[in-house]
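So this one's upload08.cif, mmCIF, C-alpha atoms and all ligand atoms:
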data_my_file
#
loop_
_atom_site.group_PDB
_atom_site.id
_atom_site.type_symbol
_atom_site.label_atom_id
_atom_site.label_comp_id
_atom_site.auth_asym_id
_atom_site.auth_seq_id
_atom_site.Cartn_x
_atom_site.Cartn_y
_atom_site.Cartn_z
ATOM 1 C CA MET A 420 -67.767 -70.462 -2.977
ATOM 2 C CA ASP A 421 -64.142 -71.601 -2.929
ATOM 3 C CA PRO A 422 -62.145 -68.739 -4.427
ATOM 4 C CA HIS A 423 -59.558 -71.049 -5.942
ATOM 5 C CA MET A 424 -61.861 -73.603 -7.529
ATOM 6 C CA TYR A 425 -61.541 -71.892 -10.894
ATOM 7 C CA ASP A 426 -57.778 -71.501 -10.759
ATOM 8 C CA ASN A 427 -57.160 -74.509 -12.948
ATOM 9 C CA ASP A 428 -60.116 -73.956 -15.259
ATOM 10 C CA LEU A 429 -59.740 -72.446 -18.686
ATOM 11 C CA THR A 430 -60.761 -68.812 -18.425
ATOM 12 C CA PRO A 431 -60.893 -66.718 -21.629
ATOM 13 C CA ASP A 432 -57.507 -65.259 -20.621
ATOM 14 C CA SER A 433 -55.846 -68.637 -20.587
ATOM 15 C CA VAL A 434 -57.544 -69.628 -23.838
ATOM 16 C CA GLU A 435 -55.988 -66.548 -25.416
ATOM 17 C CA SER A 436 -52.614 -67.468 -23.972
ATOM 18 C CA LEU A 437 -52.774 -70.841 -25.701
ATOM 19 C CA GLU A 438 -53.086 -69.046 -29.011
ATOM 20 C CA GLU A 439 -50.077 -66.793 -28.605
ATOM 21 C CA GLU A 440 -47.578 -66.577 -25.764
ATOM 22 C CA THR A 441 -46.797 -62.928 -25.050
ATOM 23 C CA TRP A 442 -45.018 -61.261 -22.137
ATOM 24 C CA ILE A 443 -48.410 -60.121 -20.824
ATOM 25 C CA SER A 444 -50.033 -63.539 -21.009
ATOM 26 C CA GLU A 445 -46.965 -65.080 -19.382
ATOM 27 C CA PHE A 446 -47.078 -62.483 -16.587
ATOM 28 C CA CYS A 447 -50.775 -63.139 -15.903
ATOM 29 C CA SER A 448 -50.367 -66.926 -15.964
ATOM 30 C CA VAL A 449 -47.965 -66.980 -12.998
ATOM 31 C CA SER A 450 -49.587 -68.531 -9.926
ATOM 32 C CA GLY A 451 -51.133 -65.839 -7.723
ATOM 33 C CA ARG A 452 -51.521 -63.376 -10.600
ATOM 34 C CA GLU A 453 -54.816 -64.812 -11.819
ATOM 35 C CA ILE A 454 -56.430 -61.713 -10.296
ATOM 36 C CA PHE A 455 -54.819 -59.552 -13.028
ATOM 37 C CA VAL A 456 -56.554 -59.133 -16.370
ATOM 38 C CA GLU A 457 -54.633 -59.055 -19.630
ATOM 39 C CA VAL A 458 -54.307 -55.463 -20.796
ATOM 40 C CA PRO A 459 -54.635 -55.280 -24.608
ATOM 41 C CA GLU A 460 -51.504 -54.037 -26.408
ATOM 42 C CA GLU A 461 -53.534 -51.290 -28.131
ATOM 43 C CA PHE A 462 -54.238 -49.794 -24.699
ATOM 44 C CA ILE A 463 -50.517 -49.782 -23.813
ATOM 45 C CA GLU A 464 -49.490 -48.402 -27.205
ATOM 46 C CA ASP A 465 -51.655 -45.312 -26.627
ATOM 47 C CA ASP A 466 -49.258 -42.796 -25.004
ATOM 48 C CA PHE A 467 -52.169 -40.987 -23.348
ATOM 49 C CA ASN A 468 -52.773 -44.014 -21.114
ATOM 50 C CA LEU A 469 -49.162 -43.978 -19.906
ATOM 51 C CA THR A 470 -48.939 -40.269 -19.010
ATOM 52 C CA GLY A 471 -46.662 -39.717 -16.001
ATOM 53 C CA LEU A 472 -45.797 -43.381 -15.427
ATOM 54 C CA SER A 473 -42.143 -42.877 -16.432
ATOM 55 C CA HIS A 474 -41.580 -41.152 -13.047
ATOM 56 C CA PHE A 475 -42.349 -44.329 -11.124
ATOM 57 C CA VAL A 476 -40.304 -46.861 -13.083
ATOM 58 C CA THR A 477 -36.580 -47.159 -13.738
ATOM 59 C CA TYR A 478 -35.551 -48.261 -17.262
ATOM 60 C CA TYR A 479 -39.003 -47.113 -18.405
ATOM 61 C CA ARG A 480 -38.429 -47.449 -22.167
ATOM 62 C CA GLU A 481 -36.751 -50.850 -21.886
ATOM 63 C CA ALA A 482 -39.545 -52.052 -19.580
ATOM 64 C CA LEU A 483 -42.193 -50.885 -22.035
ATOM 65 C CA GLU A 484 -40.417 -52.636 -24.928
ATOM 66 C CA LEU A 485 -40.315 -55.820 -22.867
ATOM 67 C CA ILE A 486 -44.047 -55.659 -22.094
ATOM 68 C CA LEU A 487 -44.888 -55.138 -25.775
ATOM 69 C CA ASP A 488 -42.430 -57.858 -26.905
ATOM 70 C CA LEU A 489 -40.510 -55.353 -29.034
ATOM 71 C CA GLU A 490 -36.875 -55.768 -29.995
ATOM 72 C CA PRO A 491 -34.845 -53.502 -27.650
ATOM 73 C CA GLU A 492 -33.185 -50.504 -29.312
ATOM 74 C CA ASP A 493 -30.080 -50.930 -27.137
ATOM 75 C CA PRO A 494 -29.194 -54.544 -26.427
ATOM 76 C CA MET A 495 -29.414 -54.934 -22.655
ATOM 77 C CA GLN A 496 -26.537 -56.106 -20.559
ATOM 78 C CA LEU A 497 -27.251 -59.261 -18.638
ATOM 79 C CA ALA A 498 -26.757 -57.495 -15.278
ATOM 80 C CA ASN A 499 -29.529 -54.991 -16.074
ATOM 81 C CA MET A 500 -31.911 -57.640 -17.348
ATOM 82 C CA SER A 501 -33.322 -58.537 -13.903
ATOM 83 C CA ILE A 502 -33.839 -54.836 -13.050
ATOM 84 C CA VAL A 503 -35.648 -54.282 -16.344
ATOM 85 C CA GLU A 504 -37.775 -57.392 -15.773
ATOM 86 C CA ASN A 505 -38.712 -56.043 -12.337
ATOM 87 C CA SER A 506 -39.461 -52.589 -13.793
ATOM 88 C CA ALA A 507 -41.645 -54.161 -16.467
ATOM 89 C CA GLU A 508 -43.714 -55.921 -13.795
ATOM 90 C CA ASN A 509 -44.170 -52.669 -11.872
ATOM 91 C CA LEU A 510 -45.011 -50.748 -15.045
ATOM 92 C CA TYR A 511 -47.527 -53.385 -16.096
ATOM 93 C CA GLY A 512 -49.170 -53.137 -12.666
ATOM 94 C CA LEU A 513 -49.556 -49.369 -12.973
ATOM 95 C CA ILE A 514 -50.923 -49.649 -16.525
ATOM 96 C CA HIS A 515 -53.254 -52.383 -15.244
ATOM 97 C CA ALA A 516 -54.711 -49.985 -12.622
ATOM 98 C CA ARG A 517 -55.487 -47.473 -15.385
ATOM 99 C CA TYR A 518 -56.963 -50.142 -17.635
ATOM 100 C CA LEU A 519 -59.350 -51.156 -14.838
ATOM 101 C CA THR A 520 -60.959 -47.709 -14.950
ATOM 102 C CA SER A 521 -61.813 -48.186 -18.648
ATOM 103 C CA ARG A 522 -65.076 -49.753 -19.769
ATOM 104 C CA GLN A 523 -63.256 -52.693 -21.304
ATOM 105 C CA GLY A 524 -61.224 -53.256 -18.132
ATOM 106 C CA ILE A 525 -64.293 -53.200 -15.890
ATOM 107 C CA HIS A 526 -66.009 -55.835 -18.021
ATOM 108 C CA ALA A 527 -62.876 -57.999 -18.038
ATOM 109 C CA MET A 528 -62.855 -57.846 -14.223
ATOM 110 C CA ALA A 529 -66.596 -58.596 -14.089
ATOM 111 C CA HIS A 530 -65.845 -61.948 -15.666
ATOM 112 C CA LYS A 531 -63.314 -62.774 -12.933
ATOM 113 C CA TYR A 532 -65.733 -61.487 -10.279
ATOM 114 C CA ASP A 533 -68.447 -63.844 -11.540
ATOM 115 C CA TYR A 534 -66.012 -66.732 -11.170
ATOM 116 C CA GLY A 535 -65.225 -65.648 -7.580
ATOM 117 C CA VAL A 536 -61.518 -65.344 -8.348
ATOM 118 C CA PHE A 537 -60.998 -62.692 -5.638
ATOM 119 C CA GLY A 538 -62.459 -64.763 -2.807
ATOM 120 C CA THR A 539 -65.399 -64.191 -0.489
ATOM 121 C CA CYS A 540 -66.060 -62.012 2.554
ATOM 122 C CA PRO A 541 -64.983 -63.675 5.821
ATOM 123 C CA ARG A 542 -67.844 -61.946 7.691
ATOM 124 C CA LEU A 543 -70.524 -64.563 8.287
ATOM 125 C CA LEU A 544 -73.498 -62.220 7.887
ATOM 126 C CA CYS A 545 -72.254 -61.125 4.438
ATOM 127 C CA ASN A 546 -73.269 -64.604 3.264
ATOM 128 C CA SER A 547 -70.057 -65.317 1.277
ATOM 129 C CA MET A 548 -70.319 -62.121 -0.727
ATOM 130 C CA LYS A 549 -67.677 -61.971 -3.452
ATOM 131 C CA LEU A 550 -64.823 -59.552 -2.801
ATOM 132 C CA LEU A 551 -63.223 -57.018 -5.129
ATOM 133 C CA PRO A 552 -59.510 -56.152 -5.224
ATOM 134 C CA THR A 553 -58.599 -52.591 -4.318
ATOM 135 C CA GLY A 554 -55.703 -50.429 -3.214
ATOM 136 C CA ARG A 555 -55.916 -47.644 -0.665
ATOM 137 C CA HIS A 556 -53.255 -45.638 -2.524
ATOM 138 C CA ASP A 557 -52.578 -44.908 -6.171
ATOM 139 C CA LEU A 558 -48.853 -44.456 -5.602
ATOM 140 C CA PRO A 559 -46.786 -47.657 -5.860
ATOM 141 C CA GLY A 560 -44.884 -49.003 -2.865
ATOM 142 C CA VAL A 561 -47.176 -47.559 -0.200
ATOM 143 C CA GLU A 562 -49.456 -50.464 0.708
ATOM 144 C CA ASN A 563 -50.256 -53.923 -0.575
ATOM 145 C CA LEU A 564 -53.501 -55.193 -2.063
ATOM 146 C CA ARG A 565 -56.715 -55.191 -0.017
ATOM 147 C CA LEU A 566 -60.053 -56.847 -0.757
ATOM 148 C CA PHE A 567 -63.295 -54.884 -0.515
ATOM 149 C CA CYS A 568 -66.672 -56.318 0.433
ATOM 150 C CA PRO A 569 -69.588 -54.355 -1.066
ATOM 151 C CA CYS A 570 -71.924 -55.612 1.683
ATOM 152 C CA CYS A 571 -70.162 -54.663 4.902
ATOM 153 C CA LEU A 572 -68.233 -51.906 3.079
ATOM 154 C CA ASP A 573 -65.051 -53.065 4.775
ATOM 155 C CA ILE A 574 -61.643 -54.046 3.428
ATOM 156 C CA TYR A 575 -59.682 -57.199 4.267
ATOM 157 C CA HIS A 576 -56.178 -58.608 3.936
ATOM 158 C CA PRO A 577 -56.024 -61.233 1.182
ATOM 159 C CA GLN A 578 -56.078 -64.750 2.618
ATOM 160 C CA SER A 579 -53.694 -66.108 0.000
ATOM 161 C CA SER A 580 -50.055 -65.190 0.672
ATOM 162 C CA ARG A 581 -49.500 -64.989 -3.104
ATOM 163 C CA HIS A 582 -52.013 -62.145 -3.300
ATOM 164 C CA ALA A 583 -50.799 -60.463 -0.119
ATOM 165 C CA GLY A 584 -47.509 -59.394 -1.735
ATOM 166 C CA ILE A 585 -49.151 -57.579 -4.671
ATOM 167 C CA ASP A 586 -48.972 -53.771 -4.619
ATOM 168 C CA GLY A 587 -52.356 -52.129 -4.021
ATOM 169 C CA ALA A 588 -51.523 -49.459 -6.628
ATOM 170 C CA PHE A 589 -51.787 -52.173 -9.338
ATOM 171 C CA PHE A 590 -55.558 -52.084 -8.762
ATOM 172 C CA GLY A 591 -55.874 -48.496 -7.598
ATOM 173 C CA THR A 592 -58.454 -46.622 -5.571
ATOM 174 C CA SER A 593 -60.992 -45.909 -8.351
ATOM 175 C CA PHE A 594 -61.752 -49.364 -9.710
ATOM 176 C CA VAL A 595 -64.153 -50.598 -7.030
ATOM 177 C CA GLY A 596 -66.295 -47.437 -7.122
ATOM 178 C CA LEU A 597 -66.577 -47.550 -10.915
ATOM 179 C CA PHE A 598 -67.273 -51.272 -10.874
ATOM 180 C CA LEU A 599 -70.160 -50.958 -8.413
ATOM 181 C CA LYS A 600 -71.653 -48.032 -10.351
ATOM 182 C CA THR A 601 -71.417 -50.059 -13.569
ATOM 183 C CA PHE A 602 -73.184 -53.055 -11.981
ATOM 184 C CA PRO A 603 -75.773 -51.608 -9.543
ATOM 185 C CA SER A 604 -77.320 -55.060 -9.063
ATOM 186 C CA ILE A 605 -74.448 -55.936 -6.696
ATOM 187 C CA GLU A 606 -75.367 -53.066 -4.363
ATOM 188 C CA GLN A 607 -79.041 -54.025 -4.573
ATOM 189 C CA GLU A 608 -78.106 -57.524 -3.478
ATOM 190 C CA CYS A 609 -76.196 -56.091 -0.526
ATOM 191 C CA ILE A 610 -78.919 -53.808 0.847
ATOM 192 C CA GLU A 611 -80.796 -56.667 2.523
ATOM 193 C CA LEU A 612 -77.612 -58.326 3.803
ATOM 194 C CA ARG A 613 -76.424 -55.041 5.291
ATOM 195 C CA LYS A 614 -79.450 -54.889 7.583
ATOM 196 C CA LYS A 615 -78.430 -58.138 9.244
ATOM 197 C CA GLN A 616 -76.398 -57.342 12.321
ATOM 198 C CA PHE A 617 -75.403 -59.712 15.035
ATOM 199 C CA SER A 618 -76.463 -58.650 18.503
ATOM 200 C CA LEU A 619 -75.547 -60.219 21.820
ATOM 201 C CA THR A 620 -78.296 -61.649 24.009
ATOM 202 C CA ILE A 621 -78.412 -63.240 27.455
ATOM 203 C CA TYR A 622 -81.258 -65.738 27.897
ATOM 204 C CA GLY A 623 -82.903 -64.100 24.903
ATOM 205 C CA PHE A 624 -82.670 -60.538 26.230
ATOM 206 C CA LYS A 625 -80.672 -58.011 24.253
ATOM 207 C CA ILE A 626 -77.785 -56.357 26.089
ATOM 208 C CA SER A 627 -78.247 -52.601 26.464
ATOM 209 C CA GLU A 628 -76.074 -50.471 24.223
ATOM 210 C CA PHE A 629 -75.067 -48.510 27.315
ATOM 211 C CA SER A 630 -73.729 -51.573 29.106
ATOM 212 C CA ASN A 631 -69.932 -52.103 29.233
ATOM 213 C CA ALA A 632 -70.371 -55.297 27.214
ATOM 214 C CA GLY A 633 -72.928 -53.678 24.880
ATOM 215 C CA PRO A 634 -72.476 -53.280 21.130
ATOM 216 C CA ARG A 635 -71.168 -49.731 21.369
ATOM 217 C CA MET A 636 -69.278 -49.852 18.083
ATOM 218 C CA LYS A 637 -72.436 -50.698 16.158
ATOM 219 C CA TRP A 638 -72.628 -47.162 14.769
ATOM 220 C CA LEU A 639 -69.558 -47.967 12.631
ATOM 221 C CA ARG A 640 -71.695 -50.093 10.337
ATOM 222 C CA ARG A 641 -74.710 -47.790 10.342
ATOM 223 C CA VAL A 642 -75.894 -46.440 6.980
ATOM 224 C CA PRO A 643 -78.858 -44.063 6.480
ATOM 225 C CA GLN A 644 -82.051 -46.094 6.039
ATOM 226 C CA ASN A 645 -84.522 -43.425 4.890
ATOM 227 C CA GLU A 646 -84.718 -39.907 3.450
ATOM 228 C CA TYR A 647 -84.904 -38.317 6.893
ATOM 229 C CA GLU A 648 -81.664 -39.971 8.002
ATOM 230 C CA ILE A 649 -79.908 -39.008 4.752
ATOM 231 C CA GLU A 650 -80.961 -35.370 5.260
ATOM 232 C CA GLU A 651 -79.735 -35.461 8.845
ATOM 233 C CA LEU A 652 -76.374 -36.871 7.744
ATOM 234 C CA GLU A 653 -75.982 -34.198 5.048
ATOM 235 C CA ARG A 654 -76.812 -31.479 7.593
ATOM 236 C CA ASP A 655 -74.133 -32.848 9.970
ATOM 237 C CA GLN A 656 -71.592 -32.952 7.121
ATOM 238 C CA ASN A 657 -72.432 -29.378 6.073
ATOM 239 C CA ASP A 658 -72.013 -28.231 9.673
ATOM 240 C CA SER A 659 -68.583 -29.807 9.894
ATOM 241 C CA THR A 660 -67.413 -28.299 6.551
ATOM 242 C CA ASN A 661 -68.625 -24.850 7.685
ATOM 243 C CA GLU A 662 -66.578 -25.264 10.850
ATOM 244 C CA ASP A 663 -63.507 -26.042 8.753
ATOM 245 C CA GLU A 664 -64.032 -22.793 6.827
ATOM 246 C CA ASP A 665 -64.291 -20.922 10.133
ATOM 247 C CA ASP A 666 -60.955 -22.424 11.139
ATOM 248 C CA ASP A 667 -59.341 -20.976 7.997
ATOM 249 C CA GLU A 668 -60.734 -17.525 8.813
ATOM 250 C CA ASP A 669 -59.317 -17.738 12.321
ATOM 251 C CA GLU A 670 -55.898 -18.514 10.899
ATOM 252 C CA ASP A 671 -56.055 -15.423 8.661
ATOM 253 C CA GLU A 672 -56.932 -13.286 11.659
ATOM 254 C CA PHE A 673 -54.040 -14.768 13.590
ATOM 255 C CA GLU A 674 -51.640 -13.790 10.792
ATOM 256 C CA ASP A 675 -53.022 -10.248 10.853
ATOM 257 C CA ASP A 676 -52.325 -10.045 14.600
ATOM 258 C CA SER A 677 -48.638 -10.615 14.083
ATOM 259 C CA LEU A 678 -48.252 -7.606 11.749
ATOM 260 C CA SER A 679 -47.002 -4.960 14.200
ATOM 261 C CA GLU A 680 -47.306 -3.881 17.826
ATOM 262 C CA ASP A 681 -49.046 -0.569 17.002
ATOM 263 C CA GLU A 682 -51.741 -2.385 15.155
ATOM 264 C CA ASP A 683 -52.066 -4.787 18.075
ATOM 265 C CA GLU A 684 -53.148 -1.951 20.392
ATOM 266 C CA ALA A 685 -55.675 -0.712 17.886
ATOM 267 C CA ASN A 686 -56.981 -4.220 17.549
ATOM 268 C CA ASP A 687 -57.583 -4.775 21.269
ATOM 269 C CA ASP A 688 -61.331 -4.414 20.841
ATOM 270 C CA ASP A 689 -61.249 -6.852 17.954
ATOM 271 C CA ASP A 690 -59.453 -9.363 20.195
ATOM 272 C CA ASP A 691 -62.399 -9.375 22.580
ATOM 273 C CA GLU A 692 -64.666 -10.173 19.681
ATOM 274 C CA GLU A 693 -62.336 -12.968 18.656
ATOM 275 C CA GLU A 694 -62.474 -14.481 22.140
ATOM 276 C CA ASP A 695 -66.257 -14.482 21.902
ATOM 277 C CA LYS A 696 -65.988 -16.133 18.524
ATOM 278 C CA GLU A 697 -63.635 -18.790 19.870
ATOM 279 C CA GLU A 698 -66.028 -19.595 22.687
ATOM 280 C CA GLN A 699 -68.791 -19.938 20.136
ATOM 281 C CA LYS A 700 -66.594 -22.183 18.023
ATOM 282 C CA MET A 701 -65.770 -24.436 20.959
ATOM 283 C CA GLU A 702 -69.485 -24.863 21.544
ATOM 284 C CA GLU A 703 -69.956 -25.767 17.884
ATOM 285 C CA ASP A 704 -67.076 -28.227 18.066
ATOM 286 C CA THR A 705 -68.813 -30.214 20.750
ATOM 287 C CA LYS A 706 -72.122 -30.074 18.867
ATOM 288 C CA PRO A 707 -71.718 -33.290 16.772
ATOM 289 C CA ALA A 708 -70.764 -35.261 19.898
ATOM 290 C CA ARG A 709 -73.820 -33.873 21.714
ATOM 291 C CA GLN A 710 -76.057 -34.707 18.765
ATOM 292 C CA LEU A 711 -74.714 -38.259 18.720
ATOM 293 C CA ARG A 712 -75.414 -38.649 22.440
ATOM 294 C CA GLN A 713 -78.910 -37.283 21.979
ATOM 295 C CA LYS A 714 -79.535 -39.684 19.128
ATOM 296 C CA GLN A 715 -78.385 -42.622 21.233
ATOM 297 C CA GLY A 716 -80.538 -41.413 24.095
ATOM 298 C CA ALA A 717 -83.595 -41.193 21.866
ATOM 299 C CA LYS A 718 -83.284 -44.851 20.872
HETATM 300 ZN ZN ZN B 1 -68.571 -58.346 4.059
#

Take the structure from the file and write it as structure tokens.
Amino acid sequence: MDPHMYDNDLTPDSVESLEEETWISEFCSVSGREIFVEVPEEFIEDDFNLTGLSHFVTYYREALELILDLEPEDPMQLANMSIVENSAENLYGLIHARYLTSRQGIHAMAHKYDYGVFGTCPRLLCNSMKLLPTGRHDLPGVENLRLFCPCCLDIYHPQSSRHAGIDGAFFGTSFVGLFLKTFPSIEQECIELRKKQFSLTIYGFKISEFSNAGPRMKWLRRVPQNEYEIEELERDQNDSTNEDEDDDEDEDEFEDDSLSEDEDEANDDDDDEEEDKEEQKMEEDTKPARQLRQKQGAK
């Protein structure tokens, strides 16, 4: 589906904007910003929703007044006007990210998703799955917008240059997860598509995974297929978290060692034990790699 085919159609947002032109509707009507939803003024007027945002925006109060179309308390000087306008856009983006984690925001985005406003996955085997906008950071100014495909579970650069310049923090890291949990049918749709993987063949014969030209990175897209595999994955994860805890203990012991020389002598026997422990730990460190090799061998 062409992601831009609905750009010129009347979406509910643009119908609203015909009724009353506000700063928010004007902001969202700019070309390239059709991926933003209009945040209701009631949401912005609730101070709870804005907690902490004043740290990220200069001229915070003036920017907020501009967004809400309020008369400014202090008349702005013309020189500051462009800075305030810029601040208002940043502030709106950050409020927008918070709005998207609300029930109302998720449903507003669902409408845009249905229209395919965010584009489709470039991966052929995802069968033009619709993408969802996401950021990899919640702090502004770190990274621009990315698009997430629920089928291949990968993220992509936006194809439109107008979308590429948008800050990823304006959509945030939590929206996609909440969206997919709200609409589980999307994940259901993806389960079958996810099984489809392209594999190289020569005269109809599959290339061995152990060959230099083999699909050795295939494991990147692997997801557990049955209960046994899920259990195995959880066991591997538990093993690795236990190892992390061991690391912390080692650090504590290291600090103890540096207390005093007298104690060092007394601790000589303990040191031997530590060496044994370290050897054990090194063995454990190589365990996941060994398990992976064994798994590949078993196939
Ligand atoms: Zn995909």

Could you please determine the separation between atom CA of A:Glu562 and atom CA of A:Gly584 in Å, to one decimal place? 9.5 Å

Between A:Thr660, A:Thr520, A:Gln616, A:Thr477, which has the minimum distance to ligand ZN 1 (chain B) (counting all atoms listed in the file)?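 Looking only at the distances to ligand ZN 1 (chain B), the closest residue turns out to be A:Gln616.
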
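The nearest approach to ligand ZN 1 (chain B) among the residues A:Arg542, A:Arg613, A:Lys600, A:Arg522, with only C-alpha atoms and all ligand atoms taken into account, belongs to A:Arg542.
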
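Near ligand ZN 1 (chain B), at a distance of at most 7 Å and with all atoms listed in the file counted, sit the residues A:Cys540, A:Pro541, A:Arg542, A:Cys545, A:Met548, A:Cys568, A:Pro569, A:Cys570, A:Cys571, A:Leu572, A:Asp573.
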
In Å, how far is it from atom CA of A:Ile610 to atom CA of A:Phe598? 16.7 Å

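Here, the PyMOL selection byres (((chain A and resi 554) around 8) and not hetatm) matches Pro552, Thr553, Arg555, His556, Asp557, Glu562, Asn563, Leu564, Arg565, Asp586, Gly587, Ala588, Phe589, Phe590, Gly591 and Thr592 of chain A.
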
Next, dump the selected residues to file, keeping only C-alpha atoms, as a compact mmCIF listing (two decimals), keeping the file's coordinate frame.
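Now in selection-v4.txt:
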# COMPACT_ATOMS: atom_id res chain seq x y z
CA PRO A 552 -59.51 -56.15 -5.22
CA THR A 553 -58.60 -52.59 -4.32
CA ARG A 555 -55.92 -47.64 -0.66
CA HIS A 556 -53.26 -45.64 -2.52
CA ASP A 557 -52.58 -44.91 -6.17
CA GLU A 562 -49.46 -50.46 0.71
CA ASN A 563 -50.26 -53.92 -0.57
CA LEU A 564 -53.50 -55.19 -2.06
CA ARG A 565 -56.72 -55.19 -0.02
CA ASP A 586 -48.97 -53.77 -4.62
CA GLY A 587 -52.36 -52.13 -4.02
CA ALA A 588 -51.52 -49.46 -6.63
CA PHE A 589 -51.79 -52.17 -9.34
CA PHE A 590 -55.56 -52.08 -8.76
CA GLY A 591 -55.87 -48.50 -7.60
CA THR A 592 -58.45 -46.62 -5.57

To test your reading of the syntax: which residues would the PyMOL selection byres (((chain A and resi 480-490) around 6) and not hetatm) return for the file shown? Reply as a list in words.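 Selected by the PyMOL selection byres (((chain A and resi 480-490) around 6) and not hetatm) here: Trp442, Tyr478, Tyr479, Pro491, Val503, Ser506 and Ala507 of chain A.
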
Using atom CA of A:Asn509 and atom CA of A:Glu445 as the two end points, give the distance in Å to one decimal.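 Atom CA of A:Asn509 sits 14.8 Å away from atom CA of A:Glu445.
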
Selected residue of minimal separation from A:Ser450 among A:Leu599, A:Lys625, A:Ser580, A:Leu652, counting all atoms listed in the file: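 So, comparing all the options, the nearest one is A:Ser580.
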
Select, from A:Leu597, A:Met528, A:Ile514, A:Leu469, the residue with the minimum atom-to-atom distance to A:Ile454, counting all atoms listed in the file.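 Answer, going by the shortest atom-to-atom distance: A:Met528.
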
I would like the residues chosen by the PyMOL selection byres (((chain A and resi 533) around 12) and not hetatm) on the shown file; could you give them as a ChimeraX atom specification? /A:420,422,425,430,526-532,534-539,548-551,602,605

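Considering only C-alpha atoms, the residue among A:Phe567, A:Phe629, A:Phe475, A:Phe467 positioned nearest to A:Phe594 is A:Phe567.
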
Return the single residue from A:Ile443, A:Val595, A:Leu544, A:Leu566 that is closest to A:Glu508, with distances computed using all atoms listed in the file.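 Result for the nearest residue to A:Glu508: A:Ile443.
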